[in-house]
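Visitor: See structure-v2.txt below, with compact mmCIF, C-alpha atoms.
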```
# COMPACT_ATOMS: atom_id res chain seq x y z
CA ASP B 155 -41.18 69.94 54.12
CA ALA B 156 -44.08 68.19 55.76
CA LYS B 157 -44.88 69.49 59.24
CA THR B 158 -46.14 66.14 60.47
CA THR B 159 -44.62 62.87 61.66
CA GLN B 160 -46.40 59.55 61.29
CA PRO B 161 -45.38 55.93 61.83
CA PRO B 162 -44.57 54.31 58.48
CA SER B 163 -46.88 51.34 58.94
CA MET B 164 -49.55 49.85 61.20
CA ASP B 165 -51.66 46.70 61.28
CA CYS B 166 -55.23 46.34 62.47
CA ALA B 167 -57.60 43.40 62.72
CA GLU B 168 -60.83 43.66 60.78
CA GLY B 169 -63.67 44.92 62.97
CA ARG B 170 -61.36 46.53 65.49
CA ALA B 171 -60.70 50.24 65.85
CA ALA B 172 -57.71 51.60 63.98
CA ASN B 173 -55.99 54.46 65.78
CA LEU B 174 -53.53 56.35 63.60
CA PRO B 175 -51.30 58.86 65.41
CA CYS B 176 -49.77 62.04 64.04
CA ASN B 177 -47.34 64.48 65.59
CA HIS B 178 -47.45 68.14 64.53
CA SER B 179 -45.52 69.85 67.27
CA THR B 180 -44.84 73.02 65.26
CA ILE B 181 -48.47 73.67 64.36
CA SER B 182 -49.52 77.30 64.64
CA GLY B 183 -52.80 78.82 65.69
CA ASN B 184 -54.40 79.22 62.25
CA GLU B 185 -53.45 75.79 60.95
CA TYR B 186 -55.87 72.93 60.53
CA VAL B 187 -55.17 69.22 60.70
CA TYR B 188 -56.40 67.32 57.65
CA TRP B 189 -56.47 63.60 57.03
CA TYR B 190 -56.51 61.97 53.62
CA ARG B 191 -56.07 58.39 52.55
CA GLN B 192 -54.89 56.86 49.32
CA ILE B 193 -55.93 53.43 48.25
CA HIS B 194 -53.60 51.79 45.76
CA SER B 195 -53.75 53.31 42.28
CA GLN B 196 -56.31 55.94 43.25
CA GLY B 197 -56.11 59.64 44.13
CA PRO B 198 -56.11 60.72 47.78
CA GLN B 199 -59.51 60.79 49.44
CA TYR B 200 -60.48 63.42 52.00
CA ILE B 201 -61.44 61.93 55.36
CA ILE B 202 -61.78 64.67 57.96
CA HIS B 203 -60.26 67.88 59.26
CA GLY B 204 -60.27 69.91 62.46
CA LEU B 205 -58.80 72.94 64.19
CA LYS B 206 -58.91 72.27 67.91
CA ASN B 207 -62.13 70.47 68.69
CA ASN B 208 -62.63 66.78 68.17
CA GLU B 209 -64.50 66.00 65.00
CA THR B 210 -66.56 63.05 63.80
CA ASN B 211 -68.13 62.22 60.48
CA GLU B 212 -69.42 59.11 58.77
CA MET B 213 -65.91 57.90 58.00
CA ALA B 214 -63.86 58.59 61.10
CA SER B 215 -63.20 60.56 64.25
CA LEU B 216 -60.39 63.03 64.78
CA ILE B 217 -59.03 63.59 68.26
CA ILE B 218 -56.75 66.62 68.68
CA THR B 219 -54.83 67.07 71.92
CA GLU B 220 -55.43 70.20 73.93
CA ASP B 221 -52.02 71.63 73.06
CA ARG B 222 -52.72 70.71 69.39
CA LYS B 223 -49.29 69.14 69.01
CA SER B 224 -50.65 65.75 68.07
CA SER B 225 -53.80 64.09 66.84
CA THR B 226 -55.27 60.65 66.27
CA LEU B 227 -57.46 59.48 63.46
CA ILE B 228 -59.85 56.75 64.56
CA LEU B 229 -61.55 54.33 62.20
CA PRO B 230 -64.04 52.76 64.63
CA HIS B 231 -64.57 49.43 62.86
CA ALA B 232 -61.84 48.83 60.31
CA THR B 233 -62.64 46.80 57.21
CA LEU B 234 -60.38 45.29 54.58
CA ARG B 235 -61.30 48.22 52.32
CA ASP B 236 -59.68 50.60 54.78
CA THR B 237 -56.26 49.24 53.80
CA ALA B 238 -54.52 52.33 52.44
CA VAL B 239 -51.85 54.96 53.06
CA TYR B 240 -53.13 57.58 55.49
CA TYR B 241 -51.73 61.11 55.35
CA CYS B 242 -51.90 63.64 58.15
CA ILE B 243 -51.48 67.19 56.86
CA VAL B 244 -51.21 70.55 58.60
CA ARG B 245 -52.60 73.35 56.50
CA SER B 246 -53.24 77.03 57.02
CA TYR B 247 -56.73 78.15 56.06
CA ASN B 248 -55.25 80.84 53.84
CA THR B 249 -52.80 78.51 52.09
CA ASP B 250 -54.14 76.30 49.40
CA LYS B 251 -51.43 73.72 48.96
CA LEU B 252 -51.36 70.44 50.82
CA ILE B 253 -47.92 69.28 51.96
CA PHE B 254 -47.96 65.51 52.10
CA GLY B 255 -45.44 63.46 54.03
CA THR B 256 -44.93 59.75 53.46
CA GLY B 257 -47.97 58.78 55.54
CA THR B 258 -48.85 55.61 57.45
CA ARG B 259 -49.53 52.44 55.52
CA LEU B 260 -52.44 50.77 57.34
CA GLN B 261 -52.92 47.07 56.67
CA VAL B 262 -56.24 45.63 57.84
CA PHE B 263 -56.12 41.86 58.13
CA PRO B 264 -58.97 39.31 58.43
CA GLU C 103 -72.45 65.40 41.11
CA THR C 104 -69.49 64.25 39.07
CA GLY C 105 -66.04 64.00 40.58
CA VAL C 106 -62.68 65.02 39.16
CA THR C 107 -61.80 63.33 35.91
CA GLN C 108 -58.35 63.18 34.37
CA SER C 109 -57.14 62.13 30.95
CA PRO C 110 -55.37 60.17 29.75
CA THR C 111 -55.03 57.53 32.47
CA HIS C 112 -51.68 56.29 31.20
CA LEU C 113 -49.10 57.82 28.90
CA ILE C 114 -45.64 56.90 27.65
CA LYS C 115 -43.39 59.63 26.31
CA THR C 116 -39.80 59.90 25.20
CA ARG C 117 -37.25 62.07 26.95
CA GLY C 118 -37.25 65.59 25.49
CA GLN C 119 -40.87 65.46 24.34
CA GLN C 120 -43.71 67.61 25.59
CA VAL C 121 -46.90 66.38 27.26
CA THR C 122 -50.31 67.84 28.11
CA LEU C 123 -52.47 66.35 30.84
CA ARG C 124 -56.10 67.31 31.31
CA CYS C 125 -58.42 67.66 34.25
CA SER C 126 -62.13 68.37 34.62
CA SER C 127 -62.91 69.69 38.06
CA GLN C 128 -65.88 68.65 40.16
CA SER C 129 -69.05 70.55 39.42
CA GLY C 130 -69.15 73.84 41.33
CA HIS C 131 -65.43 73.85 42.10
CA ASN C 132 -63.42 76.87 40.90
CA THR C 133 -59.97 76.01 42.23
CA VAL C 134 -57.72 73.37 40.71
CA SER C 135 -54.38 72.09 41.98
CA TRP C 136 -51.87 69.74 40.41
CA TYR C 137 -49.63 67.30 42.26
CA GLN C 138 -46.81 64.99 41.23
CA GLN C 139 -46.47 61.67 43.04
CA ALA C 140 -43.32 59.64 42.53
CA LEU C 141 -43.41 55.95 43.37
CA GLY C 142 -43.48 55.37 47.12
CA GLN C 143 -43.74 59.07 47.95
CA GLY C 144 -46.54 61.41 48.97
CA PRO C 145 -47.91 63.84 46.39
CA GLN C 146 -45.90 67.02 45.83
CA PHE C 147 -47.68 70.30 45.08
CA ILE C 148 -46.93 71.70 41.61
CA PHE C 149 -49.27 74.69 41.34
CA GLN C 150 -52.81 75.89 41.76
CA TYR C 151 -55.24 77.88 39.63
CA TYR C 152 -58.11 80.00 40.84
CA ARG C 153 -60.37 81.72 38.34
CA GLU C 154 -57.90 81.14 35.51
CA GLU C 155 -54.93 82.65 37.35
CA GLU C 156 -52.01 80.80 38.93
CA ASN C 157 -52.10 81.63 42.64
CA GLY C 158 -49.54 79.31 44.17
CA ARG C 159 -46.58 77.29 42.97
CA GLY C 160 -44.41 74.60 44.46
CA ASN C 161 -40.74 73.91 43.83
CA PHE C 162 -41.03 72.92 40.19
CA PRO C 163 -39.13 74.40 37.21
CA PRO C 164 -40.79 76.66 34.62
CA ARG C 165 -41.05 73.80 32.13
CA PHE C 166 -44.05 72.77 34.24
CA SER C 167 -46.87 75.12 33.26
CA GLY C 168 -50.62 75.13 33.37
CA LEU C 169 -53.87 76.67 32.29
CA GLN C 170 -57.32 76.95 33.73
CA PHE C 171 -60.28 77.56 31.44
CA PRO C 172 -63.52 79.51 32.05
CA ASN C 173 -65.33 76.25 32.83
CA TYR C 174 -62.65 75.63 35.51
CA SER C 175 -61.13 72.66 33.72
CA SER C 176 -57.36 72.67 33.64
CA GLU C 177 -54.27 71.48 31.80
CA LEU C 178 -50.78 70.64 32.99
CA ASN C 179 -48.03 70.99 30.40
CA VAL C 180 -44.55 69.65 30.83
CA ASN C 181 -41.84 70.53 28.28
CA ALA C 182 -38.50 68.85 27.68
CA LEU C 183 -39.47 65.72 29.56
CA GLU C 184 -36.86 64.09 31.76
CA LEU C 185 -36.75 60.53 33.07
CA ASP C 186 -37.42 61.82 36.60
CA ASP C 187 -40.74 63.25 35.43
CA SER C 188 -42.10 59.72 35.43
CA ALA C 189 -44.81 59.81 38.09
CA LEU C 190 -48.51 59.84 38.84
CA TYR C 191 -49.92 63.31 38.18
CA LEU C 192 -52.92 64.18 40.27
CA CYS C 193 -55.46 66.93 39.81
CA ALA C 194 -57.57 68.15 42.73
CA SER C 195 -60.40 70.64 42.90
CA THR C 196 -62.21 72.49 45.63
CA GLY C 197 -64.87 75.13 46.03
CA SER C 198 -64.70 78.61 47.43
CA ARG C 199 -62.62 79.21 50.48
CA ASP C 200 -64.22 80.19 53.75
CA ARG C 201 -62.91 81.10 57.17
CA GLY C 202 -63.31 77.54 58.29
CA GLY C 203 -60.97 76.26 55.66
CA TYR C 204 -61.82 74.06 52.80
CA SER C 205 -63.90 71.02 53.49
CA GLY C 206 -61.36 69.17 51.42
CA TYR C 207 -59.99 68.71 47.97
CA THR C 208 -61.46 66.15 45.63
CA PHE C 209 -58.72 64.30 43.77
CA GLY C 210 -58.89 62.56 40.46
CA SER C 211 -57.38 59.11 39.94
CA GLY C 212 -54.43 60.62 38.14
CA THR C 213 -52.44 60.19 34.96
CA ARG C 214 -49.51 57.83 35.13
CA LEU C 215 -46.74 59.26 32.97
CA THR C 216 -43.76 57.14 32.01
CA VAL C 217 -40.79 58.84 30.35
CA VAL C 218 -38.42 56.52 28.51
```
Could you spell out this file's structure in structure tokens?
Guide:
Amino acid sequence: DAKTTQPPSMDCAEGRAANLPCNHSTISGNEYVYWYRQIHSQGPQYIIHGLKNNETNEMASLIITEDRKSSTLILPHATLRDTAVYYCIVRSYNTDKLIFGTGTRLQVFP
Amino acid sequence: ETGVTQSPTHLIKTRGQQVTLRCSSQSGHNTVSWYQQALGQGPQFIFQYYREEENGRGNFPPRFSGLQFPNYSSELNVNALELDDSALYLCASTGSRDRGGYSGYTFGSGTRLTVV
């Protein structure tokens, strides 16, 4: 079973920041938080991952709470092309499989 | 660098038949995983191959089997197809593991299998 809980859907206006929450209250010390997204009819796309520090790359920022029980993926300036299902995944560094939940369907509107 | 390529993109099979799906991993990647994604669901892990050996398996019956070749490409074989096997089958590859965890799997666009 997935170890994360996400809202099923969210809306965001184009140009605004999209903040996607994820709860992972049972996360353990050696587990990372990964984010992927899946645009319709394509394979999942890696976005970002982190352990306990906040992370930023060219796609997004990942904010992990100090107790590591939740995190937020931030798309700073959402575009229509960011419309997708976003998956938050908790994964141990020594386990290779990704356990996907049902994700959050983000709809970016003009 | 090339990404992960899968073939065929679409396939229709009859219940009871066998099917082979193929995957070419991204250049430099030695680990390949397969996932099944039913409509409206997240992908479900089937199994993973590392250096031609299966090194992890999800909750799938033995009629789901695989191979990895010396060039790190891979096949997924499904015998005795059932209607519930209809799904998008995704292949993902990654490079060597390090203490920091993988930087991420690269997924292909998948093979959509329909069993009738």
Visitor: For Gln139 (chain C), which residue among B:Glu212, B:Pro198, B:Arg245, B:Asp221 is the nearest when counting only C-alpha atoms?
Guide: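 Result for the nearest residue to Gln139 (chain C): B:Pro198.
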Visitor: Kindly indicate which residue among C:Leu123, C:Ala182, C:Ala140, C:Leu192 lies nearest to Gly212 (chain C), using all atoms listed in the file for the distances.
Guide: C:Leu192
Visitor: Compare C:Thr107, C:Phe149, C:Gln120, C:Leu183 by their minimum atom-to-atom distance to Lys251 (chain B), counting all atoms listed in the file, and give me the closest one.
Guide: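 Looking only at the distances to Lys251 (chain B), the closest residue turns out to be C:Phe149.
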Visitor: Within 10 Å of Thr158 (chain B), counting only C-alpha atoms, which residues show up once you throw out same-chain ones fewer than 2 positions away? Write them as a compact mmCIF listing (two decimals) with C-alpha atoms, keeping the file's coordinate frame, please.
Guide:
```
# COMPACT_ATOMS: atom_id res chain seq x y z
CA ASP B 155 -41.18 69.94 54.12
CA ALA B 156 -44.08 68.19 55.76
CA GLN B 160 -46.40 59.55 61.29
CA CYS B 176 -49.77 62.04 64.04
CA ASN B 177 -47.34 64.48 65.59
CA HIS B 178 -47.45 68.14 64.53
CA SER B 179 -45.52 69.85 67.27
CA THR B 180 -44.84 73.02 65.26
CA ILE B 181 -48.47 73.67 64.36
CA VAL B 187 -55.17 69.22 60.70
CA LYS B 223 -49.29 69.14 69.01
CA SER B 224 -50.65 65.75 68.07
CA TYR B 241 -51.73 61.11 55.35
CA CYS B 242 -51.90 63.64 58.15
CA ILE B 243 -51.48 67.19 56.86
CA VAL B 244 -51.21 70.55 58.60
CA ILE B 253 -47.92 69.28 51.96
CA PHE B 254 -47.96 65.51 52.10
CA GLY B 255 -45.44 63.46 54.03
CA THR B 256 -44.93 59.75 53.46
CA GLY B 257 -47.97 58.78 55.54
```
Visitor: Quick one: 8 Å padding each side, axis-aligned, all listed atoms of region 124-142 of chain C - centre and edge lengths in Å to one decimal, as AutoDock Vina command-line options?
Guide:
```
--center_x -56.2 --center_y 66.1 --center_z 39.2 --size_x 41.8 --size_y 37.5 --size_z 31.8
```
Visitor: Could you tell me which of B:Tyr200, B:Leu234, B:Arg259, B:Ser246 comes closest to Thr208 (chain C) if we count all atoms listed in the file?
Guide: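 Among the listed residues, B:Tyr200 lies closest to Thr208 (chain C).
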Visitor: For each of B:Arg222, B:His203, B:Arg191, B:Arg235, take the minimum atom-to-atom distance to chain C, counting all atoms listed in the file, then give the residue where this is smallest.
Guide: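 Between B:Arg222, B:His203, B:Arg191, B:Arg235, the residue approaching chain C most closely is B:His203.
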Visitor: Hey, can you check how far CA of Gln170 (chain C) sits from CA of Glu156 (chain C)?
Guide: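 Answer for the CA of Gln170 (chain C) to CA of Glu156 (chain C) separation: 8.4 Å.
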